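Asker: My file is coords_30.pdb. It has PDB, C-alpha atoms:
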ATOM      1  CA  MET I   7     -22.160  19.926  -6.123
ATOM      2  CA  LYS I   8     -20.886  20.747  -9.587
ATOM      3  CA  TRP I   9     -17.490  21.411  -8.113
ATOM      4  CA  LEU I  10     -17.525  18.049  -6.342
ATOM      5  CA  GLY I  11     -18.474  16.282  -9.555
ATOM      6  CA  SER I  12     -15.651  17.874 -11.503
ATOM      7  CA  GLN I  13     -13.217  17.001  -8.725
ATOM      8  CA  ILE I  14     -14.264  13.354  -8.791
ATOM      9  CA  ARG I  15     -13.842  13.216 -12.553
ATOM     10  CA  LYS I  16     -10.331  14.621 -12.347
ATOM     11  CA  GLU I  17      -7.670  11.996 -13.045
ATOM     12  CA  LEU I  18      -5.082  13.226 -10.565
ATOM     13  CA  TRP I  19      -5.771  15.015  -7.347
ATOM     14  CA  SER I  20      -3.220  16.992  -5.456
ATOM     15  CA  PRO I  21      -1.424  14.384  -3.332
ATOM     16  CA  TYR I  22      -2.322  16.520  -0.331
ATOM     17  CA  SER I  23      -6.083  16.155  -0.823
ATOM     18  CA  ALA I  24      -5.790  12.429  -1.552
ATOM     19  CA  GLY I  25      -3.638  12.178   1.577
ATOM     20  CA  VAL I  26      -6.327  13.872   3.652
ATOM     21  CA  LEU I  27      -8.848  11.314   2.369
ATOM     22  CA  LEU I  28      -6.545   8.458   3.359
ATOM     23  CA  GLY I  29      -5.866  10.075   6.727
ATOM     24  CA  ILE I  30      -9.589  10.290   7.481
ATOM     25  CA  THR I  31     -10.007   6.681   6.349
ATOM     26  CA  GLY I  32      -7.183   5.737   8.702
ATOM     27  CA  ILE I  33      -8.927   7.434  11.634
ATOM     28  CA  LEU I  34     -12.191   5.626  10.843
ATOM     29  CA  VAL I  35     -10.390   2.282  10.578
ATOM     30  CA  VAL I  36      -8.700   2.682  13.971
ATOM     31  CA  PHE I  37     -12.018   3.897  15.357
ATOM     32  CA  THR I  38     -13.562   0.529  14.461
ATOM     33  CA  GLY I  39     -10.611  -1.212  16.105
ATOM     34  CA  GLN I  40      -9.032  -2.478  12.915
ATOM     35  CA  LYS I  41      -5.835  -1.941  10.950
ATOM     36  CA  LEU I  42      -5.346  -0.498   7.491
ATOM     37  CA  GLY I  43      -3.099  -3.046   5.812
ATOM     38  CA  ALA I  44      -2.527  -4.571   2.406
ATOM     39  CA  SER I  45       0.168  -7.236   2.500
ATOM     40  CA  GLY I  46      -1.292  -9.220   5.393
ATOM     41  CA  ALA I  47      -4.422  -9.974   3.378
ATOM     42  CA  PHE I  48      -2.410 -11.884   0.784
ATOM     43  CA  GLU I  49      -0.754 -13.936   3.514
ATOM     44  CA  ASN I  50      -4.174 -14.801   4.960
ATOM     45  CA  VAL I  51      -5.353 -16.027   1.564
ATOM     46  CA  VAL I  52      -2.129 -17.944   0.892
ATOM     47  CA  GLY I  53      -2.514 -19.583   4.294
ATOM     48  CA  LEU I  54      -6.060 -20.582   3.451
ATOM     49  CA  LEU I  55      -5.093 -22.054   0.067
ATOM     50  CA  GLY I  56      -2.008 -23.697   1.561
ATOM     51  CA  LYS I  57      -3.995 -25.366   4.290
ATOM     52  CA  LEU I  58      -6.289 -26.838   1.643
ATOM     53  CA  ALA I  59      -3.426 -28.042  -0.563
ATOM     54  CA  ALA I  60      -0.846 -29.178   2.009
ATOM     55  CA  PRO I  61      -2.268 -29.046   5.552
ATOM     56  CA  ALA I  62       0.884 -30.428   7.195
ATOM     57  CA  ALA I  63       3.292 -27.976   5.612
ATOM     58  CA  PHE I  64       1.101 -25.020   6.496
ATOM     59  CA  ASN I  65       0.432 -26.108  10.075
ATOM     60  CA  THR I  66       3.057 -23.682  11.386
ATOM     61  CA  MET I  67       3.244 -20.980  14.026
ATOM     62  CA  TYR I  68       3.131 -18.361  11.306
ATOM     63  CA  PHE I  69      -0.048 -19.430   9.552
ATOM     64  CA  ASN I  70      -1.806 -20.416  12.781
ATOM     65  CA  TYR I  71      -1.073 -17.401  14.954
ATOM     66  CA  VAL I  72       1.008 -14.649  13.346
ATOM     67  CA  MET I  73      -0.971 -14.425  10.112
ATOM     68  CA  PRO I  74      -3.993 -16.662  10.644
ATOM     69  CA  ALA I  75      -5.259 -18.310   7.482
ATOM     70  CA  GLY I  76      -8.717 -17.367   6.338
ATOM     71  CA  ILE I  77     -10.833 -14.563   4.984
ATOM     72  CA  SER I  78      -9.863 -11.875   7.471
ATOM     73  CA  TRP I  79     -11.054  -8.286   7.763
ATOM     74  CA  GLY I  80      -7.987  -7.252   5.782
ATOM     75  CA  VAL I  81      -8.932  -9.500   2.858
ATOM     76  CA  ILE I  82     -12.313  -7.783   2.575
ATOM     77  CA  LEU I  83     -10.523  -4.444   2.874
ATOM     78  CA  MET I  84      -8.385  -5.370  -0.128
ATOM     79  CA  VAL I  85     -11.467  -6.397  -2.125
ATOM     80  CA  GLY I  86     -12.818  -2.944  -1.308
ATOM     81  CA  ALA I  87      -9.528  -1.337  -2.345
ATOM     82  CA  PHE I  88      -9.746  -3.110  -5.695
ATOM     83  CA  PHE I  89     -13.196  -1.662  -6.330
ATOM     84  CA  GLY I  90     -12.148   1.738  -4.976
ATOM     85  CA  GLY I  91      -9.278   1.876  -7.445
ATOM     86  CA  LEU I  92     -11.633   0.718 -10.193
ATOM     87  CA  ILE I  93     -14.127   3.481  -9.350
ATOM     88  CA  GLY I  94     -11.305   6.021  -9.197
ATOM     89  CA  ALA I  95     -10.111   5.049 -12.658
ATOM     90  CA  ALA I  96     -13.608   4.778 -14.114
ATOM     91  CA  THR I  97     -14.664   8.228 -12.897
ATOM     92  CA  SER I  98     -11.673   9.820 -14.593
ATOM     93  CA  ARG I  99     -12.036   7.684 -17.747
ATOM     94  CA  SER I 100      -8.536   6.295 -17.259
ATOM     95  CA  LEU I 101      -9.742   2.708 -16.934
ATOM     96  CA  TRP I 102      -7.756   0.583 -19.373
ATOM     97  CA  TRP I 103      -9.573  -2.679 -18.712
ATOM     98  CA  GLY I 104      -9.317  -4.970 -21.739
ATOM     99  CA  LYS I 105      -7.924  -2.280 -23.999
ATOM    100  CA  LYS I 106      -4.898  -2.849 -26.207
ATOM    101  CA  GLY I 107      -1.616  -2.337 -24.361
ATOM    102  CA  ALA I 108      -3.308  -2.291 -20.976
ATOM    103  CA  ALA I 109      -0.990  -4.944 -19.548
ATOM    104  CA  ASN I 110       2.055  -2.767 -20.113
ATOM    105  CA  SER I 111       0.761   0.774 -20.255
ATOM    106  CA  ASP I 112       3.295   2.847 -18.340
ATOM    107  CA  ALA I 113       5.392   4.851 -20.809
ATOM    108  CA  GLN I 114       8.295   5.230 -18.423
ATOM    109  CA  TRP I 115       8.364   1.498 -17.673
ATOM    110  CA  LYS I 116       8.477   0.733 -21.391
ATOM    111  CA  ALA I 117      11.315   3.191 -21.916
ATOM    112  CA  ILE I 118      13.416   1.493 -19.231
ATOM    113  CA  PHE I 119      12.619  -2.211 -19.511
ATOM    114  CA  GLY I 120      11.148  -2.531 -23.010
ATOM    115  CA  PRO I 121       7.668  -2.788 -24.511
ATOM    116  CA  GLN I 122       7.239  -6.565 -24.073
ATOM    117  CA  VAL I 123       4.295  -7.588 -21.943
ATOM    118  CA  TRP I 124       6.034 -10.730 -20.600
ATOM    119  CA  LYS I 125       8.783  -8.583 -19.100
ATOM    120  CA  ARG I 126       6.199  -6.600 -17.203
ATOM    121  CA  TRP I 127       4.702  -9.819 -15.879
ATOM    122  CA  VAL I 128       8.035 -11.410 -14.918
ATOM    123  CA  ILE I 129       9.503  -8.330 -13.223
ATOM    124  CA  GLY I 130       6.185  -7.606 -11.572
ATOM    125  CA  PHE I 131       5.939 -11.188 -10.305
ATOM    126  CA  LEU I 132       9.511 -11.337  -8.963
ATOM    127  CA  GLY I 133       9.257  -7.877  -7.440
ATOM    128  CA  ALA I 134       5.982  -8.801  -5.775
ATOM    129  CA  ILE I 135       7.546 -11.931  -4.227
ATOM    130  CA  LEU I 136      10.262  -9.693  -2.802
ATOM    131  CA  LEU I 137       7.673  -7.200  -1.540
ATOM    132  CA  GLU I 138       5.528  -9.796   0.181
ATOM    133  CA  PHE I 139       8.556 -11.550   1.718
ATOM    134  CA  ALA I 140       9.930  -8.240   2.991
ATOM    135  CA  ALA I 141       6.554  -7.240   4.378
ATOM    136  CA  GLY I 142       6.443 -10.566   6.201
ATOM    137  CA  ILE I 143       9.832  -9.899   7.818
ATOM    138  CA  ALA I 144       9.034  -6.314   8.749
ATOM    139  CA  GLY I 145       5.515  -7.076   9.963
ATOM    140  CA  GLY I 146       3.736  -4.870   7.452
ATOM    141  CA  CYS I 147       3.982  -2.985   4.194
ATOM    142  CA  THR I 148       3.689   0.665   3.210
ATOM    143  CA  SER I 149       0.083   0.778   4.356
ATOM    144  CA  GLY I 150       0.070  -1.784   7.152
ATOM    145  CA  LEU I 151       3.237  -0.661   8.906
ATOM    146  CA  ALA I 152       4.397   2.701   7.548
ATOM    147  CA  ILE I 153       1.020   4.457   7.384
ATOM    148  CA  SER I 154      -1.177   2.701   9.941
ATOM    149  CA  GLY I 155       1.752   2.215  12.317
ATOM    150  CA  GLY I 156       3.086   5.694  11.702
ATOM    151  CA  MET I 157      -0.204   7.338  12.612
ATOM    152  CA  LEU I 158       0.014   5.637  16.015
ATOM    153  CA  LEU I 159       3.668   6.709  16.271
ATOM    154  CA  VAL I 160       5.045   3.167  16.193
ATOM    155  CA  PRO I 161       8.866   3.384  16.066
ATOM    156  CA  GLY I 162       9.098   0.388  13.722
ATOM    157  CA  ALA I 163       7.124   2.266  11.088
ATOM    158  CA  PHE I 164       9.759   4.960  10.803
ATOM    159  CA  LEU I 165      12.582   2.420  10.688
ATOM    160  CA  PHE I 166      10.702   0.715   7.877
ATOM    161  CA  ILE I 167      10.253   3.971   5.923
ATOM    162  CA  ALA I 168      13.961   4.723   6.330
ATOM    163  CA  GLY I 169      14.933   1.271   5.062
ATOM    164  CA  MET I 170      12.466   1.464   2.205
ATOM    165  CA  PHE I 171      13.852   4.757   0.969
ATOM    166  CA  MET I 172      17.482   3.693   1.350
ATOM    167  CA  SER I 173      17.163   0.631  -0.832
ATOM    168  CA  GLY I 174      14.568   2.191  -3.124
ATOM    169  CA  ILE I 175      16.952   5.006  -4.020
ATOM    170  CA  VAL I 176      19.811   2.558  -4.597
ATOM    171  CA  THR I 177      17.639   0.311  -6.770
ATOM    172  CA  ALA I 178      16.410   3.258  -8.817
ATOM    173  CA  LEU I 179      20.050   4.352  -9.234
ATOM    174  CA  VAL I 180      20.990   0.890 -10.506
ATOM    175  CA  ILE I 181      18.035   0.671 -12.909
ATOM    176  CA  TYR I 182      18.334   4.203 -14.287
ATOM    177  CA  ARG I 183      22.125   4.696 -14.077
ATOM    178  CA  SER I 184      22.953   7.781 -16.174
ATOM    179  CA  ARG I 185      19.273   8.684 -16.566
ATOM    180  CA  TYR I 186      18.805   8.968 -12.793
TER
ATOM    181  CA  MET L   4     -21.501  -5.283   9.513
ATOM    182  CA  ASN L   5     -17.798  -5.344  10.092
ATOM    183  CA  TYR L   6     -17.234  -6.691   6.592
ATOM    184  CA  VAL L   7     -19.404  -3.968   5.071
ATOM    185  CA  LEU L   8     -17.226  -1.382   6.805
ATOM    186  CA  ALA L   9     -14.145  -3.168   5.464
ATOM    187  CA  LEU L  10     -15.510  -2.881   1.926
ATOM    188  CA  VAL L  11     -16.310   0.803   2.356
ATOM    189  CA  PHE L  12     -12.977   1.724   3.960
ATOM    190  CA  GLY L  13     -11.144  -0.389   1.421
ATOM    191  CA  SER L  14     -12.800   1.452  -1.425
ATOM    192  CA  PHE L  15     -11.832   4.807   0.131
ATOM    193  CA  PHE L  16      -8.283   3.498   0.352
ATOM    194  CA  GLY L  17      -8.197   2.356  -3.266
ATOM    195  CA  PHE L  18      -9.882   5.546  -4.439
ATOM    196  CA  ALA L  19      -7.373   7.763  -2.613
ATOM    197  CA  LEU L  20      -4.447   5.773  -4.013
ATOM    198  CA  ASN L  21      -5.849   5.979  -7.526
ATOM    199  CA  LYS L  22      -6.517   9.720  -7.368
ATOM    200  CA  ALA L  23      -3.050  10.374  -5.988
ATOM    201  CA  GLY L  24      -1.713   8.467  -9.008
ATOM    202  CA  LEU L  25       0.042   5.893  -6.877
ATOM    203  CA  THR L  26      -1.404   3.046  -8.915
ATOM    204  CA  GLN L  27       1.072   3.986 -11.623
ATOM    205  CA  TYR L  28       4.627   2.717 -11.809
ATOM    206  CA  HIS L  29       6.276   6.018 -12.698
ATOM    207  CA  LYS L  30       4.834   7.813  -9.665
ATOM    208  CA  ILE L  31       6.477   5.347  -7.292
ATOM    209  CA  VAL L  32       9.849   5.067  -8.966
ATOM    210  CA  ASN L  33      10.133   8.814  -9.591
ATOM    211  CA  GLN L  34       9.834   9.318  -5.847
ATOM    212  CA  PHE L  35      13.082   7.394  -5.474
ATOM    213  CA  ARG L  36      14.611   9.505  -8.241
ATOM    214  CA  PHE L  37      13.260  12.622  -6.498
ATOM    215  CA  THR L  38      11.694  13.913  -9.703
ATOM    216  CA  ASP L  39       8.120  13.518  -8.395
ATOM    217  CA  MET L  40       7.410  13.921  -4.694
ATOM    218  CA  ALA L  41       3.778  12.735  -4.820
ATOM    219  CA  VAL L  42       4.390   9.595  -2.733
ATOM    220  CA  LEU L  43       5.929  11.461   0.169
ATOM    221  CA  LYS L  44       3.383  14.287   0.007
ATOM    222  CA  PHE L  45       0.559  11.739   0.012
ATOM    223  CA  MET L  46       1.991   9.557   2.774
ATOM    224  CA  MET L  47       2.997  12.386   5.052
ATOM    225  CA  THR L  48      -0.323  14.204   4.651
ATOM    226  CA  ALA L  49      -2.180  11.003   5.503
ATOM    227  CA  LEU L  50       0.097  10.470   8.505
ATOM    228  CA  VAL L  51      -0.277  14.004   9.818
ATOM    229  CA  VAL L  52      -4.074  14.052   9.406
ATOM    230  CA  ALA L  53      -4.507  10.640  11.014
ATOM    231  CA  MET L  54      -2.003  11.318  13.808
ATOM    232  CA  GLY L  55      -3.585  14.618  14.728
ATOM    233  CA  GLY L  56      -7.090  13.226  14.535
ATOM    234  CA  LEU L  57      -6.361  10.039  16.450
ATOM    235  CA  TYR L  58      -4.401  11.647  19.253
ATOM    236  CA  ALA L  59      -7.076  14.343  19.620
ATOM    237  CA  LEU L  60      -9.783  11.672  19.773
ATOM    238  CA  ARG L  61      -7.786   9.708  22.325
ATOM    239  CA  GLY L  62      -7.318  12.862  24.374
ATOM    240  CA  LEU L  63     -11.092  13.265  24.382
ATOM    241  CA  GLY L  64     -11.437   9.634  25.416
ATOM    242  CA  LEU L  65     -13.345   8.671  22.273
ATOM    243  CA  VAL L  66     -10.981   6.034  20.927
ATOM    244  CA  THR L  67      -8.676   3.399  22.374
ATOM    245  CA  PHE L  68      -5.661   2.499  20.311
ATOM    246  CA  PRO L  69      -5.307  -1.116  19.177
ATOM    247  CA  ALA L  70      -2.250  -3.121  20.207
ATOM    248  CA  VAL L  71       0.589  -1.756  18.121
ATOM    249  CA  PRO L  72       3.201  -4.008  16.537
ATOM    250  CA  PRO L  73       6.296  -4.185  18.754
ATOM    251  CA  THR L  74       9.476  -2.579  17.492
ATOM    252  CA  TYR L  75      11.854  -5.158  16.107
ATOM    253  CA  ILE L  76      14.791  -3.136  14.842
ATOM    254  CA  VAL L  77      16.483  -5.750  12.649
ATOM    255  CA  GLY L  78      13.206  -7.010  11.205
ATOM    256  CA  ASN L  79      11.743  -3.593  10.496
ATOM    257  CA  LEU L  80      14.950  -2.352   8.932
ATOM    258  CA  VAL L  81      15.846  -5.449   6.887
ATOM    259  CA  GLY L  82      12.230  -5.775   5.807
ATOM    260  CA  GLY L  83      12.233  -2.142   4.759
ATOM    261  CA  LEU L  84      15.473  -2.560   2.839
ATOM    262  CA  LEU L  85      14.133  -5.543   0.862
ATOM    263  CA  PHE L  86      10.785  -3.838   0.396
ATOM    264  CA  GLY L  87      12.365  -0.800  -1.235
ATOM    265  CA  VAL L  88      13.975  -2.981  -3.915
ATOM    266  CA  GLY L  89      10.649  -4.570  -4.784
ATOM    267  CA  MET L  90       8.929  -1.207  -4.709
ATOM    268  CA  ALA L  91      11.351   0.401  -7.146
ATOM    269  CA  LEU L  92      11.050  -2.615  -9.475
ATOM    270  CA  THR L  93       7.301  -3.074  -9.581
ATOM    271  CA  GLY L  94       5.909   0.308  -8.632
ATOM    272  CA  TYR L  95       3.704  -1.109  -5.898
TER
END
Translate the structure of the given file into structure tokens.
Answerer:
Amino acid sequence: MKWLGSQIRKELWSPYSAGVLLGITGILVVFTGQKLGASGAFENVVGLLGKLAAPAAFNTMYFNYVMPAGISWGVILMVGAFFGGLIGAATSRSLWWGKKGAANSDAQWKAIFGPQVWKRWVIGFLGAILLEFAAGIAGGCTSGLAISGGMLLVPGAFLFIAGMFMSGIVTALVIYRSRY
Amino acid sequence: MNYVLALVFGSFFGFALNKAGLTQYHKIVNQFRFTDMAVLKFMMTALVVAMGGLYALRGLGLVTFPAVPPTYIVGNLVGGLLFGVGMALTGY
């Protein structure tokens, strides 16, 4: 029990043990007939908001059938993921909520892009648009396609991982240049 | 009931990501620089555990797999290529 407590309070686990936890979660999710995905949830919510704001523009194939608008199972999953991350950070006392510098806290990010908070917001926002758009094209993100597809041996998942690493390495090369 | 399960599984998911350190920018980008292999270790462990477990359960007839997304080579690959750029920028 004491051992378990000290493990939970640890800030970083070995990626292997965290991976086992995610793997077991993945089994349980498939067992209930669902899918472990992140990016789809945002599309469901956007569809819901879009249908309220501009029903005609959002009355498309995509938001009616491919990614139905509404509070789906995945949206609740993401709410859970938010709290799970919160609990994870709180148990290891690494929760930065409301503290000074919390909006731009990653030392390596600051060294590369600068300490300004607005830069973090702008690059984060633009990068997230790219992520969500790409996930829409591919039919999933790291969790929805690569992990939950990969565990069912879906060929597309491995194509996606290959593509992700190819461009990720190139982008990191461009950003870091001589410091790569 | 289903939504309660979603909350519970979601919190496991978030907890695992947080404890692996993947909620931090430098963990993600250092994977692409190959100075920190946590992302691959985490992803591949999860894949191997889930694959082994799921295929064993299916062999025992305890689980039926959901409809899997069809392979769409151009989409999967182009999506992956764009996704990597965003990932290296934001540390998602």
Asker: If the box runs along x, y and z of the file and leaves 5 Å on each side of region 13-21 of chain L, what are its centre and edge lengths in Å, one decimal, as JSON?
Answerer:
{"center_x": -8.6, "center_y": 3.7, "center_z": -3.1, "size_x": 18.4, "size_y": 18.2, "size_z": 18.9}
Asker: Can you give me, as a list in words, the residues this file yields under the PyMOL selection byres ((chain L and resi 31-39) around 6)?
Answerer: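 On the file shown, the PyMOL selection byres ((chain L and resi 31-39) around 6) covers Gly174 and Ile175 of chain I; Tyr28, His29, Lys30, Met40, Ala41, Ala91 and Gly94 of chain L.
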Asker: Since I can't run it myself right now, could you work out what the PyMOL selection byres ((chain I) within 6 of (chain L)) selects here and report it as a compact mmCIF listing (two decimals) with C-alpha atoms, keeping the file's coordinate frame?
Answerer:
# COMPACT_ATOMS: atom_id res chain seq x y z
CA LEU I 18 -5.08 13.23 -10.56
CA TRP I 19 -5.77 15.02 -7.35
CA PRO I 21 -1.42 14.38 -3.33
CA TYR I 22 -2.32 16.52 -0.33
CA ALA I 24 -5.79 12.43 -1.55
CA GLY I 25 -3.64 12.18 1.58
CA VAL I 26 -6.33 13.87 3.65
CA LEU I 28 -6.54 8.46 3.36
CA GLY I 29 -5.87 10.07 6.73
CA ILE I 33 -8.93 7.43 11.63
CA ILE I 82 -12.31 -7.78 2.58
CA LEU I 83 -10.52 -4.44 2.87
CA MET I 84 -8.38 -5.37 -0.13
CA GLY I 86 -12.82 -2.94 -1.31
CA ALA I 87 -9.53 -1.34 -2.35
CA PHE I 89 -13.20 -1.66 -6.33
CA GLY I 90 -12.15 1.74 -4.98
CA GLY I 91 -9.28 1.88 -7.44
CA GLY I 94 -11.30 6.02 -9.20
CA GLY I 130 6.18 -7.61 -11.57
CA GLY I 133 9.26 -7.88 -7.44
CA LEU I 136 10.26 -9.69 -2.80
CA LEU I 137 7.67 -7.20 -1.54
CA ALA I 140 9.93 -8.24 2.99
CA ILE I 143 9.83 -9.90 7.82
CA ALA I 144 9.03 -6.31 8.75
CA MET I 157 -0.20 7.34 12.61
CA GLY I 162 9.10 0.39 13.72
CA LEU I 165 12.58 2.42 10.69
CA PHE I 166 10.70 0.72 7.88
CA GLY I 169 14.93 1.27 5.06
CA MET I 170 12.47 1.46 2.20
CA SER I 173 17.16 0.63 -0.83
CA GLY I 174 14.57 2.19 -3.12
CA ILE I 175 16.95 5.01 -4.02
CA THR I 177 17.64 0.31 -6.77
Asker: What residues come out when you apply the PyMOL selection byres ((chain I and resi 148) around 9) to this file, written as a list in words?
Answerer: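 Selection result, ordered by chain and number: Gly43, Ala44, Ser45, Ala141, Gly146, Cys147, Ser149, Gly150, Leu151, Ala152, Ile153, Ser154, Ala163, Phe166, Ile167 and Met170 of chain I; Phe86 of chain L.
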Asker: For the atom pair CA of Glu49 (chain I) and CA of Trp115 (chain I), what is the interatomic distance in Å to one decimal place?
Answerer: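 Computing the Euclidean distance for CA of Glu49 (chain I) and CA of Trp115 (chain I) yields 27.8 Å.
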Asker: Which residues come within 9 Å of Leu54 (chain I), counting only C-alpha atoms, excluding same-chain residues fewer than 6 positions away, as a PyMOL selection string?
Answerer: chain I and resi 64+69+74-77
Asker: Distance CA of Ala113 (chain I)-CA of Ala178 (chain I), one decimal place?
Answerer: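 One can read the CA of Ala113 (chain I) to CA of Ala178 (chain I) distance as 16.4 Å.
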Asker: In Å, how far is it from CA of Met7 (chain I) to CA of Arg99 (chain I)?
Answerer: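 That distance, rounded to one decimal, is 19.7 Å.
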